file coords-v5.txt (compact mmCIF, C-alpha atoms)
# COMPACT_ATOMS: atom_id res chain seq x y z
CA MET A 737 49.49 12.72 -8.94
CA LYS A 738 50.44 16.34 -9.42
CA VAL A 739 48.51 19.32 -8.06
CA ALA A 740 49.43 22.62 -9.73
CA VAL A 741 48.70 26.21 -8.70
CA PRO A 742 49.29 28.89 -11.37
CA LYS A 743 49.57 32.62 -10.79
CA GLU A 744 46.24 34.39 -10.99
CA LEU A 745 45.90 36.32 -14.27
CA ARG A 746 42.85 38.47 -13.58
CA GLU A 747 43.78 42.10 -12.94
CA GLY A 748 43.37 42.98 -9.25
CA GLU A 749 43.24 39.35 -8.07
CA LYS A 750 45.70 39.02 -5.18
CA ARG A 751 44.58 35.72 -3.70
CA VAL A 752 46.21 32.36 -4.25
CA ALA A 753 44.51 28.94 -4.28
CA LEU A 754 46.93 27.24 -1.86
CA VAL A 755 48.91 28.72 1.02
CA PRO A 756 52.00 27.04 2.54
CA ASP A 757 50.12 26.01 5.70
CA VAL A 758 47.93 23.51 3.82
CA ILE A 759 50.56 21.93 1.55
CA SER A 760 51.26 19.15 4.06
CA LYS A 761 47.62 18.05 3.97
CA LEU A 762 47.97 17.28 0.26
CA THR A 763 51.42 15.70 0.45
CA LYS A 764 50.18 13.39 3.21
CA LEU A 765 47.47 12.22 0.84
CA GLY A 766 50.18 11.39 -1.67
CA TYR A 767 49.99 14.40 -4.00
CA GLU A 768 52.97 16.25 -5.44
CA VAL A 769 52.33 20.00 -5.28
CA ALA A 770 53.77 22.48 -7.79
CA ILE A 771 53.41 26.24 -7.38
CA GLU A 772 54.18 28.74 -10.13
CA SER A 773 56.86 31.12 -8.88
CA GLY A 774 55.34 34.31 -7.49
CA ALA A 775 51.81 32.90 -7.18
CA GLY A 776 51.55 33.76 -3.49
CA VAL A 777 53.49 37.01 -3.37
CA HIS A 778 50.41 39.18 -2.66
CA SER A 779 49.23 36.81 0.08
CA GLN A 780 52.49 37.00 2.03
CA ALA A 781 53.45 33.56 0.74
CA PRO A 782 56.85 33.85 -0.97
CA ASP A 783 58.39 30.97 -2.89
CA ASP A 784 60.68 29.98 -0.01
CA LEU A 785 57.71 29.28 2.27
CA TYR A 786 56.21 26.94 -0.32
CA ARG A 787 59.52 25.09 -0.66
CA SER A 788 59.79 24.74 3.12
CA ALA A 789 56.25 23.32 3.19
CA GLY A 790 57.15 20.59 0.69
CA ALA A 791 55.98 22.08 -2.62
CA SER A 792 58.00 22.50 -5.80
CA VAL A 793 58.28 26.04 -7.13
CA ILE A 794 58.24 26.15 -10.93
CA TYR A 795 59.48 29.01 -13.09
CA GLY A 796 57.23 28.84 -16.13
CA ASP A 797 54.36 26.56 -17.11
CA VAL A 798 52.89 24.38 -14.36
CA LEU A 799 49.80 23.26 -16.27
CA GLY A 800 50.95 20.85 -18.96
CA ASP A 801 51.58 17.79 -16.78
CA ALA A 802 49.16 18.60 -13.94
CA ASP A 803 46.46 16.15 -12.89
CA VAL A 804 44.69 18.73 -10.71
CA VAL A 805 44.80 22.51 -11.15
CA LEU A 806 43.65 24.79 -8.33
CA SER A 807 42.92 28.48 -8.86
CA VAL A 808 40.73 31.26 -7.51
CA GLN A 809 39.47 32.71 -10.78
CA PRO A 810 38.58 30.29 -13.59
CA LEU A 811 41.39 29.31 -15.92
CA THR A 812 41.37 31.21 -19.20
CA PRO A 813 40.46 29.36 -22.40
CA GLU A 814 44.16 29.38 -23.33
CA GLN A 815 45.09 27.81 -19.98
CA MET A 816 42.36 25.19 -20.36
CA SER A 817 43.75 24.20 -23.75
CA LYS A 818 47.14 23.42 -22.15
CA LEU A 819 45.69 20.81 -19.78
CA LYS A 820 45.89 17.12 -20.53
CA ARG A 821 42.63 15.31 -21.21
CA GLY A 822 41.02 14.10 -17.99
CA ALA A 823 42.67 16.74 -15.80
CA LEU A 824 40.61 18.28 -12.98
CA THR A 825 40.24 21.98 -12.16
CA ILE A 826 38.71 23.61 -9.08
CA SER A 827 37.97 27.35 -9.01
CA PHE A 828 35.19 29.92 -8.83
CA LEU A 829 33.96 28.86 -12.27
CA SER A 830 30.84 30.98 -12.66
CA PRO A 831 28.38 29.14 -14.93
CA VAL A 832 26.95 32.52 -15.99
CA THR A 833 30.03 34.65 -16.68
CA ALA A 834 32.80 32.13 -17.45
CA THR A 835 31.19 30.68 -20.57
CA ASP A 836 34.38 30.85 -22.68
CA SER A 837 36.37 28.94 -20.04
CA ILE A 838 33.61 26.36 -19.70
CA GLU A 839 33.51 25.81 -23.46
CA ALA A 840 37.29 25.45 -23.50
CA ALA A 841 37.13 22.90 -20.67
CA ILE A 842 34.59 20.87 -22.64
CA ASN A 843 36.75 20.95 -25.77
CA ALA A 844 39.84 19.92 -23.77
CA GLY A 845 38.04 17.04 -22.03
CA VAL A 846 38.71 18.63 -18.64
CA THR A 847 36.60 18.01 -15.53
CA ALA A 848 35.87 21.42 -14.01
CA LEU A 849 34.36 21.98 -10.57
CA SER A 850 33.04 25.31 -9.31
CA LEU A 851 33.13 26.28 -5.64
CA GLU A 852 30.17 28.56 -6.35
CA LEU A 853 28.04 25.46 -6.86
CA VAL A 854 28.96 23.58 -3.69
CA PRO A 855 25.57 22.92 -2.06
CA ARG A 856 24.81 24.66 1.23
CA ILE A 857 24.46 21.58 3.38
CA SER A 858 26.06 20.87 6.75
CA ARG A 859 28.48 18.29 5.31
CA ALA A 860 29.82 20.86 2.85
CA GLN A 861 30.37 23.76 5.25
CA SER A 862 34.13 23.26 5.28
CA MET A 863 34.13 23.59 1.46
CA ASP A 864 31.85 26.65 1.28
CA ALA A 865 34.18 29.20 -0.31
CA LEU A 866 31.34 31.61 -1.03
CA SER A 867 30.79 31.97 2.71
CA SER A 868 34.47 32.22 3.61
CA GLN A 869 35.05 34.95 1.03
CA ALA A 870 31.83 36.76 2.02
CA LEU A 871 33.22 36.88 5.55
CA CYS A 872 36.22 38.82 4.24
CA ALA A 873 34.03 41.10 2.14
CA GLY A 874 31.73 41.98 5.04
CA TYR A 875 34.66 42.86 7.29
CA ARG A 876 36.20 45.01 4.57
CA ALA A 877 32.88 46.78 3.89
CA ALA A 878 32.62 48.07 7.46
CA LEU A 879 36.21 49.32 7.35
CA VAL A 880 35.57 51.12 4.07
CA GLY A 881 32.48 52.79 5.52
CA ALA A 882 34.45 53.95 8.56
CA GLU A 883 37.35 55.17 6.45
CA LEU A 884 35.23 57.18 4.01
CA SER A 885 32.74 58.59 6.50
CA PRO A 886 33.44 62.12 7.78
CA ARG A 887 32.13 60.98 11.17
CA PHE A 888 33.52 59.01 14.09
CA PHE A 889 31.84 55.62 14.44
CA PRO A 890 31.85 55.43 18.28
CA LEU A 891 30.26 57.57 20.96
CA LEU A 892 32.96 59.79 22.46
CA MET A 893 32.80 61.83 25.64
CA THR A 894 35.31 64.69 25.33
CA ALA A 895 36.10 67.92 27.18
CA ALA A 896 34.73 69.77 24.17
CA GLY A 897 31.45 67.89 24.30
CA THR A 898 29.82 64.63 23.30
CA VAL A 899 30.39 63.06 19.88
CA THR A 900 27.32 61.07 18.90
CA PRO A 901 27.86 57.65 17.26
CA ALA A 902 27.38 56.99 13.57
CA GLN A 903 24.20 55.29 12.42
CA VAL A 904 25.05 52.31 10.19
CA LEU A 905 22.45 50.38 8.22
CA VAL A 906 23.26 46.98 6.71
CA LEU A 907 20.98 45.60 4.00
CA GLY A 908 21.25 41.83 3.75
CA ALA A 909 22.11 39.67 6.76
CA GLY A 910 23.91 36.75 5.19
CA VAL A 911 27.53 35.96 5.99
CA ALA A 912 28.83 39.26 4.58
CA GLY A 913 26.10 41.28 6.24
CA LEU A 914 26.58 39.70 9.65
CA GLN A 915 30.33 40.28 9.51
CA ALA A 916 29.74 43.91 8.48
CA ILE A 917 27.39 44.28 11.45
CA ALA A 918 29.88 42.73 13.86
CA THR A 919 32.75 44.90 12.62
CA ALA A 920 30.75 48.13 12.66
CA ARG A 921 29.62 47.32 16.20
CA ARG A 922 33.22 46.72 17.30
CA LEU A 923 34.05 50.15 15.89
CA GLY A 924 31.32 51.63 18.08
CA ALA A 925 28.57 52.47 15.60
CA VAL A 926 24.86 52.09 16.26
CA VAL A 927 23.84 49.41 13.77
CA SER A 928 20.52 48.33 12.31
CA ALA A 929 19.92 45.75 9.61
CA TYR A 930 17.25 44.41 7.29
CA ASP A 931 16.89 41.09 5.48
CA VAL A 932 13.99 39.60 3.54
CA ARG A 933 14.35 36.45 5.66
CA PRO A 934 12.78 36.96 9.10
CA ALA A 935 14.78 33.98 10.38
CA SER A 936 17.89 36.19 10.27
CA ALA A 937 16.45 38.52 12.93
CA ASP A 938 17.86 36.52 15.84
CA GLU A 939 21.33 36.46 14.27
CA VAL A 940 21.23 40.23 13.75
CA ARG A 941 20.18 40.84 17.34
CA SER A 942 22.87 38.48 18.63
CA MET A 943 25.40 40.85 17.05
CA GLY A 944 24.02 43.75 19.05
CA ALA A 945 22.18 45.34 16.13
CA THR A 946 18.52 46.28 15.66
CA PHE A 947 16.54 44.24 13.14
CA ILE A 948 14.17 46.28 10.99
CA GLN A 949 10.76 44.68 10.64
CA LEU A 950 8.80 45.54 7.51
CA GLU A 951 5.25 44.41 6.87
CA LEU A 952 6.19 42.24 3.91
CA GLU A 953 6.14 38.53 3.08
CA ALA A 954 9.24 36.46 3.84
CA LEU A 955 11.47 35.40 0.96
CA GLU A 956 13.34 32.35 2.26
CA GLY A 957 15.06 30.51 -0.59
CA ALA A 958 16.91 27.24 -1.04
CA GLY A 959 20.21 26.70 0.72
CA GLY A 960 19.77 29.62 3.08
CA TYR A 961 19.78 32.23 0.31
CA ALA A 962 16.99 34.73 -0.24
CA ARG A 963 14.83 33.99 -3.27
CA GLU A 964 14.06 36.57 -5.94
CA MET A 965 11.16 38.97 -5.39
CA THR A 966 8.60 40.44 -7.74
CA GLU A 967 9.03 44.03 -8.89
CA GLU A 968 5.88 45.00 -7.01
CA ARG A 969 7.29 43.68 -3.76
CA ALA A 970 10.68 45.26 -4.45
CA ALA A 971 9.07 48.66 -4.96
CA LYS A 972 7.13 48.33 -1.70
CA GLN A 973 10.29 47.28 0.14
CA ARG A 974 12.19 50.31 -1.18
CA GLU A 975 9.37 52.59 -0.09
CA LEU A 976 9.35 51.20 3.46
CA LEU A 977 13.15 51.26 3.75
CA THR A 978 13.54 54.88 2.61
CA PRO A 979 12.99 56.49 6.07
CA TYR A 980 15.62 54.19 7.64
CA ILE A 981 18.08 54.90 4.84
CA ALA A 982 17.52 58.65 5.04
CA LYS A 983 18.63 58.82 8.69
CA SER A 984 21.70 56.59 8.24
CA HIS A 985 25.25 57.89 7.97
CA VAL A 986 26.65 54.71 6.37
CA VAL A 987 24.66 52.14 4.40
CA ILE A 988 26.23 48.78 3.49
CA THR A 989 24.43 46.62 0.93
CA THR A 990 25.28 42.92 0.66
CA ALA A 991 22.29 41.29 -1.04
CA ALA A 992 23.11 38.76 -3.75
CA VAL A 993 21.53 35.73 -5.40
CA PRO A 994 24.30 33.41 -6.75
CA GLY A 995 24.37 33.22 -10.52
CA ARG A 996 21.91 36.07 -11.00
CA THR A 997 21.87 39.85 -11.16
CA ALA A 998 21.97 41.46 -7.74
CA PRO A 999 18.61 42.83 -6.55
CA ARG A 1000 18.19 46.61 -6.74
CA LEU A 1001 17.73 47.79 -3.16
CA MET A 1002 18.36 51.52 -3.52
CA THR A 1003 17.20 53.84 -6.28
CA GLN A 1004 18.36 57.36 -7.06
CA THR A 1005 15.22 58.71 -5.37
CA MET A 1006 16.23 56.98 -2.13
CA ILE A 1007 19.79 58.25 -2.43
CA ASP A 1008 18.54 61.81 -2.94
CA ALA A 1009 16.81 61.59 0.46
CA MET A 1010 20.16 61.03 2.22
CA GLU A 1011 22.28 63.71 3.89
CA PRO A 1012 25.44 65.06 2.23
CA GLY A 1013 28.46 63.13 3.47
CA THR A 1014 26.59 59.84 3.72
CA ILE A 1015 28.53 56.79 2.52
CA ILE A 1016 27.05 53.83 0.65
CA VAL A 1017 29.12 50.65 0.34
CA ASP A 1018 27.76 48.38 -2.40
CA LEU A 1019 29.33 44.92 -2.14
CA ALA A 1020 27.22 43.67 -5.06
CA ALA A 1021 28.50 46.23 -7.59
CA GLU A 1022 30.19 43.56 -9.74
CA SER A 1023 26.97 41.57 -10.18
CA GLY A 1024 24.76 44.48 -11.23
CA GLY A 1025 24.71 46.47 -8.00
CA ASN A 1026 22.27 46.83 -5.12
CA VAL A 1027 22.55 50.59 -5.55
CA GLU A 1028 21.60 52.60 -8.62
CA GLY A 1029 24.66 54.34 -10.03
CA SER A 1030 27.32 52.22 -8.29
CA LYS A 1031 30.36 51.22 -10.36
CA PRO A 1032 32.74 48.36 -9.52
CA GLY A 1033 36.06 49.64 -8.27
CA GLU A 1034 34.99 53.29 -8.21
CA ILE A 1035 33.68 55.90 -5.78
CA VAL A 1036 30.80 57.81 -7.33
CA GLU A 1037 29.71 61.08 -5.73
CA THR A 1038 26.15 62.25 -6.37
CA ALA A 1039 25.04 65.83 -6.85
CA GLY A 1040 23.69 65.70 -3.30
CA GLY A 1041 27.09 64.85 -1.80
CA VAL A 1042 26.47 61.13 -1.18
CA ARG A 1043 29.42 58.90 -2.03
CA ILE A 1044 28.86 55.37 -3.37
CA TRP A 1045 31.75 52.88 -3.08
CA GLY A 1046 31.38 50.05 -5.58
CA GLY A 1047 33.02 46.80 -4.52
CA LYS A 1048 35.40 45.02 -6.87
CA ASP A 1049 37.52 42.00 -5.94
CA VAL A 1050 36.71 42.83 -2.32
CA PRO A 1051 38.11 39.65 -0.70
CA SER A 1052 41.33 40.29 -2.66
CA GLN A 1053 41.75 43.47 -0.63
CA LEU A 1054 42.46 41.17 2.33
CA PRO A 1055 44.56 38.61 0.43
CA PHE A 1056 46.32 37.00 3.39
CA HIS A 1057 43.27 35.71 5.24
CA ALA A 1058 41.08 35.43 2.12
CA SER A 1059 43.67 33.07 0.60
CA SER A 1060 44.07 31.14 3.84
CA LEU A 1061 40.34 30.48 4.13
CA TYR A 1062 39.94 29.71 0.42
CA ALA A 1063 42.86 27.26 0.47
CA ARG A 1064 41.22 25.29 3.25
CA ASN A 1065 37.95 25.16 1.32
CA VAL A 1066 39.78 23.84 -1.75
CA VAL A 1067 41.79 21.24 0.17
CA ASN A 1068 38.65 19.94 1.87
CA LEU A 1069 36.90 19.51 -1.48
CA LEU A 1070 39.95 17.82 -3.05
CA THR A 1071 40.20 15.51 -0.03
CA LEU A 1072 36.59 14.45 -0.62
CA LEU A 1073 37.50 13.67 -4.24
CA THR A 1074 40.61 11.68 -3.36
CA GLN A 1075 40.54 7.91 -3.46
CA GLY A 1076 43.41 6.11 -1.79
CA ALA A 1077 46.15 7.68 0.32
CA ALA A 1078 49.87 7.64 0.89
CA PRO A 1079 50.89 4.58 2.90
CA ALA A 1080 52.10 4.70 6.47
CA LYS A 1081 55.76 3.77 6.98
CA ASP A 1082 56.57 0.26 5.67
CA GLU A 1083 52.98 -0.27 4.57
CA LYS A 1084 51.44 -0.53 1.13
CA PRO A 1085 48.41 1.60 0.20
CA ALA A 1086 45.15 -0.28 -0.16
CA THR A 1087 44.38 1.56 -3.39
CA ALA A 1088 46.35 3.78 -5.76
CA LEU A 1089 45.89 7.53 -5.42
CA ALA A 1090 43.14 8.65 -7.78
CA ILE A 1091 40.29 11.13 -8.22
CA ASN A 1092 36.94 9.55 -7.46
CA LEU A 1093 34.16 11.44 -9.24
CA ASN A 1094 31.26 9.84 -7.42
CA PHE A 1095 28.24 11.62 -8.84
CA ASP A 1096 26.02 9.94 -6.27
CA ASP A 1097 27.66 12.32 -3.79
CA GLU A 1098 25.54 15.48 -3.57
CA ILE A 1099 28.56 17.74 -3.21
CA ILE A 1100 30.53 16.37 -6.16
CA ASN A 1101 27.45 16.13 -8.36
CA GLY A 1102 26.36 19.68 -7.58
CA ALA A 1103 29.78 21.31 -7.98
CA THR A 1104 30.74 19.70 -11.32
CA VAL A 1105 30.37 21.95 -14.37
CA THR A 1106 32.06 19.89 -17.11
CA HIS A 1107 33.10 16.24 -17.38
CA ALA A 1108 34.17 13.87 -20.16
CA GLY A 1109 33.79 16.48 -22.87
CA VAL A 1110 30.24 17.61 -22.05
CA ARG A 1111 28.47 20.13 -19.85
CA HIS A 1112 27.57 18.30 -16.64
CA THR A 1113 23.94 18.25 -15.59
CA PRO A 1114 23.43 17.12 -11.98
CA GLU A 1115 20.03 15.64 -12.74
CA ALA A 1116 21.45 13.29 -15.38
CA LYS A 1117 24.64 12.48 -13.40
CA VAL A 1118 26.75 12.49 -16.54
CA GLY A 1119 29.64 10.03 -16.41
CA LYS A 1120 28.17 7.87 -13.64

call {"tool": "encode", "arguments": {"input": "coords-v5.txt", "output": "C-alpha cells"}}
result
Amino acid sequence: MKVAVPKELREGEKRVALVPDVISKLTKLGYEVAIESGAGVHSQAPDDLYRSAGASVIYGDVLGDADVVLSVQPLTPEQMSKLKRGALTISFLSPVTATDSIEAAINAGVTALSLELVPRISRAQSMDALSSQALCAGYRAALVGAELSPRFFPLLMTAAGTVTPAQVLVLGAGVAGLQAIATARRLGAVVSAYDVRPASADEVRSMGATFIQLELEALEGAGGYAREMTEERAAKQRELLTPYIAKSHVVITTAAVPGRTAPRLMTQTMIDAMEPGTIIVDLAAESGGNVEGSKPGEIVETAGGVRIWGGKDVPSQLPFHASSLYARNVVNLLTLLTQGAAPAKDEKPATALAINLNFDDEIINGATVTHAGVRHTPEAKVGK
C-alpha cells in the first residue's frame, strides 16, 4: 500500500505531514512512502533526507495511485477528485470551514479523517495533533510578546539602576496557554494567568505563575476543553478581568473552543484602559479572535498606542518542530488503522496489509468525517 504526502498548497503553510525521521515506522509496517519533491523544504527536510530514510521522491502528481494521503491542511476539492475511490486521507479537516473539501471527498468516495476530531482520551494522547500544535503556538506567542514589547522581560540589576520585570498576563491555560506561561517565565517575566476552569489553577502555579481567581462559576467542558459561556457571564468576566489587563505589559490570549468561534475576551473598552506600548498577542485571531479588532496575520495599533498581534498559521512559524510533532501524531493514528504488518525475515505475514476502519473504536469513529460516499456520523457508525 502506498502512502503519499503532497506539498502543502495553502499560502503560509510551511509544515509537512511526514518528516524523514518517521518514514521507517511506516516502511516497517509494510507501506511504500512517496513524497512530492519539495514538500519538506520549509521544515528542513530536503528531498535527499527522504530518500535516505527509504521514501520515494516524486516530481509531479503523487495522489492518483495513493491508498493513503497525509497532509496538514485539508486537500482541496481538486486534489480530492484525483484520488481513487476508497482512498484514505488524514489532515486537519475542519468540519466547519472545509465544507468544499468534505463534499468533494464524499463525491469521490474517499474516507477522510480529521485530527481535529480525535477524542481527548488517554489512549489517543499520542495522536492529539491539536495539543502538539498548540504547544508550538504557545511558545511562539511568548516570543512574539517579548519581541514586540518595548520592555525587557526579566528583572535586571545594572549600574544605572534596577530594571523592573515585565508583567505578562495569559488568558486561557490549555496547552498553548501553559506553554506561553512557561516560556514567558523562562524569559524572566512576572506571569499571571486566568482560565474559566478552576482545575487549571494547579497547573498554572506549577509553572511559577499566579492564578487569577474570579468569583464566577466554573466552565469545565467535555474532553478537557472549556465550554461556552452565556453573554451575561462573559460580560461579568470582562469586567472583573479589566483591572488585571490594565496593569499588564503583555497580554496573550489563547482561548478557543474547537469548531466554534473563539470567545471574545477583550473589548475595545478594555484595550483603551491599557498603557501605550502594551502588546496583545491573540492566538485565536483566525477563528474570530479573543480580542476586538485583531486581524489574522497583522499587527493593529490602536489610537491609544496598544499593538495587537493577530496570529495566523502560528505553528507554521516554527515548521521544523511543528512538523516533527505533527508527523508523529499522524503516524500513530495510521498505525492504529493498520491491519497486518510486514513479515519478519523468512516469515509470512499473518494477514495482508490493509486499513481497518473499526468504527467500534472510539478514536476511529470520532475522527472519521466521510466514508463510503456519505458524511460519517459517529452515532450511526456508518459503514460498520

call {"tool": "closest_residue", "arguments": {"input": "coords-v5.txt", "among": "A:Gly897, A:Gly800, A:Gly1025, A:Gly1040", "to": "A:Thr1005", "atoms": "all atoms listed in the file"}}
result
A:Gly1040

call {"tool": "atom_distance", "arguments": {"input": "coords-v5.txt", "atom1": "atom CA of A:Ala834", "atom2": "atom CA of A:Leu811"}}
result
9.2 Å

call {"tool": "residues_around", "arguments": {"input": "coords-v5.txt", "residues": "A:Glu1011", "least_positions_apart": "6", "cutoff": "10 Å", "atoms": "all atoms listed in the file", "output": "VMD selection string"}}
result
chain A and resid 981 to 985 1040 to 1042

call {"tool": "atom_distance", "arguments": {"input": "coords-v5.txt", "atom1": "atom CA of A:Gly881", "atom2": "atom CA of A:Ala920"}}
result
8.7 Å

call {"tool": "atom_distance", "arguments": {"input": "coords-v5.txt", "atom1": "atom CA of A:Thr1074", "atom2": "atom CA of A:Val739"}}
result
12.0 Å

call {"tool": "residues_around", "arguments": {"input": "coords-v5.txt", "residues": "stretch 851-857 of chain A", "least_positions_apart": "3", "cutoff": "9 Å", "atoms": "all atoms listed in the file", "output": "PDB file with C-alpha atoms, keeping the file's coordinate frame"}}
result
ATOM      1  CA  ILE A 826      38.710  23.610  -9.080  1.00  0.00           C
ATOM      2  CA  SER A 827      37.970  27.350  -9.010  1.00  0.00           C
ATOM      3  CA  PHE A 828      35.190  29.920  -8.830  1.00  0.00           C
ATOM      4  CA  LEU A 829      33.960  28.860 -12.270  1.00  0.00           C
ATOM      5  CA  SER A 830      30.840  30.980 -12.660  1.00  0.00           C
ATOM      6  CA  PRO A 831      28.380  29.140 -14.930  1.00  0.00           C
ATOM      7  CA  ALA A 860      29.820  20.860   2.850  1.00  0.00           C
ATOM      8  CA  GLN A 861      30.370  23.760   5.250  1.00  0.00           C
ATOM      9  CA  MET A 863      34.130  23.590   1.460  1.00  0.00           C
ATOM     10  CA  ASP A 864      31.850  26.650   1.280  1.00  0.00           C
ATOM     11  CA  ALA A 865      34.180  29.200  -0.310  1.00  0.00           C
ATOM     12  CA  LEU A 866      31.340  31.610  -1.030  1.00  0.00           C
ATOM     13  CA  ALA A 958      16.910  27.240  -1.040  1.00  0.00           C
ATOM     14  CA  GLY A 959      20.210  26.700   0.720  1.00  0.00           C
ATOM     15  CA  GLY A 960      19.770  29.620   3.080  1.00  0.00           C
ATOM     16  CA  PRO A 994      24.300  33.410  -6.750  1.00  0.00           C
ATOM     17  CA  GLY A 995      24.370  33.220 -10.520  1.00  0.00           C
ATOM     18  CA  ASN A1065      37.950  25.160   1.320  1.00  0.00           C
ATOM     19  CA  VAL A1066      39.780  23.840  -1.750  1.00  0.00           C
ATOM     20  CA  LEU A1069      36.900  19.510  -1.480  1.00  0.00           C
ATOM     21  CA  GLU A1098      25.540  15.480  -3.570  1.00  0.00           C
ATOM     22  CA  ILE A1099      28.560  17.740  -3.210  1.00  0.00           C
ATOM     23  CA  ILE A1100      30.530  16.370  -6.160  1.00  0.00           C
ATOM     24  CA  ASN A1101      27.450  16.130  -8.360  1.00  0.00           C
ATOM     25  CA  GLY A1102      26.360  19.680  -7.580  1.00  0.00           C
ATOM     26  CA  ALA A1103      29.780  21.310  -7.980  1.00  0.00           C
ATOM     27  CA  THR A1104      30.740  19.700 -11.320  1.00  0.00           C
ATOM     28  CA  VAL A1105      30.370  21.950 -14.370  1.00  0.00           C
TER      29      VAL A1105
END

call {"tool": "residues_around", "arguments": {"input": "coords-v5.txt", "residues": "A:Ala791", "least_positions_apart": "2", "cutoff": "8 Å", "atoms": "only C-alpha atoms", "output": "list of chain:residue names"}}
result
A:Ile759, A:Glu768, A:Val769, A:Ala770, A:Ile771, A:Tyr786, A:Arg787, A:Ser788, A:Ala789, A:Val793

call {"tool": "residues_around", "arguments": {"input": "coords-v5.txt", "residues": "A:Glu975", "least_positions_apart": "4", "cutoff": "10 Å", "atoms": "only C-alpha atoms", "output": "list in words"}}
result
Arg969, Ala970, Ala971, Pro979, Met1002, Thr1005 and Met1006 of chain A

call {"tool": "write_last_selection", "arguments": {"input": "coords-v5.txt", "atoms": "C-alpha atoms", "output": "PDB file, keeping the file's coordinate frame"}}
result
ATOM      1  CA  ARG A 969       7.290  43.680  -3.760  1.00  0.00           C
ATOM      2  CA  ALA A 970      10.680  45.260  -4.450  1.00  0.00           C
ATOM      3  CA  ALA A 971       9.070  48.660  -4.960  1.00  0.00           C
ATOM      4  CA  PRO A 979      12.990  56.490   6.070  1.00  0.00           C
ATOM      5  CA  MET A1002      18.360  51.520  -3.520  1.00  0.00           C
ATOM      6  CA  THR A1005      15.220  58.710  -5.370  1.00  0.00           C
ATOM      7  CA  MET A1006      16.230  56.980  -2.130  1.00  0.00           C
TER       8      MET A1006
END

call {"tool": "axis_aligned_box", "arguments": {"input": "coords-v5.txt", "around": "stretch 852-856 of chain A", "padding_each_side": "8 Å", "output": "JSON"}}
result
{"center_x": 27.5, "center_y": 25.7, "center_z": -2.8, "size_x": 21.4, "size_y": 21.6, "size_z": 24.1}

call {"tool": "closest_residue", "arguments": {"input": "coords-v5.txt", "among": "A:Met816, A:Glu772, A:Ser807, A:Lys743", "to": "A:Ala1063", "atoms": "only C-alpha atoms"}}
result
A:Ser807

call {"tool": "residues_around", "arguments": {"input": "coords-v5.txt", "residues": "A:Lys738", "least_positions_apart": "6", "cutoff": "10 Å", "atoms": "all atoms listed in the file", "output": "list of chain:residue names"}}
result
A:Thr763, A:Gly766, A:Tyr767, A:Glu768, A:Val769, A:Ala770, A:Val798, A:Leu799, A:Asp801, A:Ala802, A:Asp803, A:Val804, A:Val805

call {"tool": "residues_near_point", "arguments": {"input": "coords-v5.txt", "point": "(15.9, 41.4, 2.1)", "cutoff": "7 Å", "atoms": "all atoms listed in the file", "output": "list in words"}}
result
Leu907, Gly908, Tyr930, Asp931, Val932 and Arg933 of chain A

call {"tool": "closest_residue", "arguments": {"input": "coords-v5.txt", "among": "A:Glu968, A:Asp1097, A:Asp1008, A:Glu1022", "to": "A:Thr990", "atoms": "only C-alpha atoms"}}
result
A:Glu1022

call {"tool": "decode", "arguments": {"input": "coords-v5.txt", "residues": "stretch 964-973 of chain A", "atoms": "N, CA, C and O atoms", "output": "mmCIF file, in the first residue's frame"}}
result
data_model
loop_
_atom_site.group_PDB
_atom_site.id
_atom_site.type_symbol
_atom_site.label_atom_id
_atom_site.label_comp_id
_atom_site.auth_asym_id
_atom_site.auth_seq_id
_atom_site.Cartn_x
_atom_site.Cartn_y
_atom_site.Cartn_z
ATOM 1 N N GLU A 964 -18.794 26.710 26.336
ATOM 2 C CA GLU A 964 -19.194 28.077 26.019
ATOM 3 C C GLU A 964 -19.942 28.699 27.196
ATOM 4 O O GLU A 964 -20.615 28.022 27.974
ATOM 5 N N MET A 965 -19.831 30.042 27.293
ATOM 6 C CA MET A 965 -20.478 30.763 28.382
ATOM 7 C C MET A 965 -21.589 31.656 27.839
ATOM 8 O O MET A 965 -21.616 31.991 26.653
ATOM 9 N N THR A 966 -22.498 32.034 28.710
ATOM 10 C CA THR A 966 -23.550 32.954 28.319
ATOM 11 C C THR A 966 -22.956 34.352 28.172
ATOM 12 O O THR A 966 -21.898 34.670 28.719
ATOM 13 N N GLU A 967 -23.662 35.211 27.434
ATOM 14 C CA GLU A 967 -23.176 36.583 27.249
ATOM 15 C C GLU A 967 -23.148 37.337 28.575
ATOM 16 O O GLU A 967 -22.264 38.164 28.819
ATOM 17 N N GLU A 968 -24.090 37.034 29.454
ATOM 18 C CA GLU A 968 -24.109 37.694 30.761
ATOM 19 C C GLU A 968 -22.852 37.359 31.562
ATOM 20 O O GLU A 968 -22.225 38.237 32.166
ATOM 21 N N ARG A 969 -22.482 36.065 31.531
ATOM 22 C CA ARG A 969 -21.285 35.671 32.266
ATOM 23 C C ARG A 969 -20.033 36.246 31.620
ATOM 24 O O ARG A 969 -19.102 36.669 32.298
ATOM 25 N N ALA A 970 -20.016 36.275 30.269
ATOM 26 C CA ALA A 970 -18.867 36.823 29.559
ATOM 27 C C ALA A 970 -18.654 38.293 29.899
ATOM 28 O O ALA A 970 -17.521 38.746 30.100
ATOM 29 N N ALA A 971 -19.747 39.034 29.977
ATOM 30 C CA ALA A 971 -19.641 40.457 30.313
ATOM 31 C C ALA A 971 -19.104 40.648 31.725
ATOM 32 O O ALA A 971 -18.262 41.527 31.980
ATOM 33 N N LYS A 972 -19.575 39.822 32.652
ATOM 34 C CA LYS A 972 -19.086 39.910 34.039
ATOM 35 C C LYS A 972 -17.608 39.543 34.110
ATOM 36 O O LYS A 972 -16.824 40.182 34.842
ATOM 37 N N GLN A 973 -17.208 38.525 33.352
ATOM 38 C CA GLN A 973 -15.800 38.119 33.339
ATOM 39 C C GLN A 973 -14.918 39.243 32.817
ATOM 40 O O GLN A 973 -13.861 39.531 33.387
#
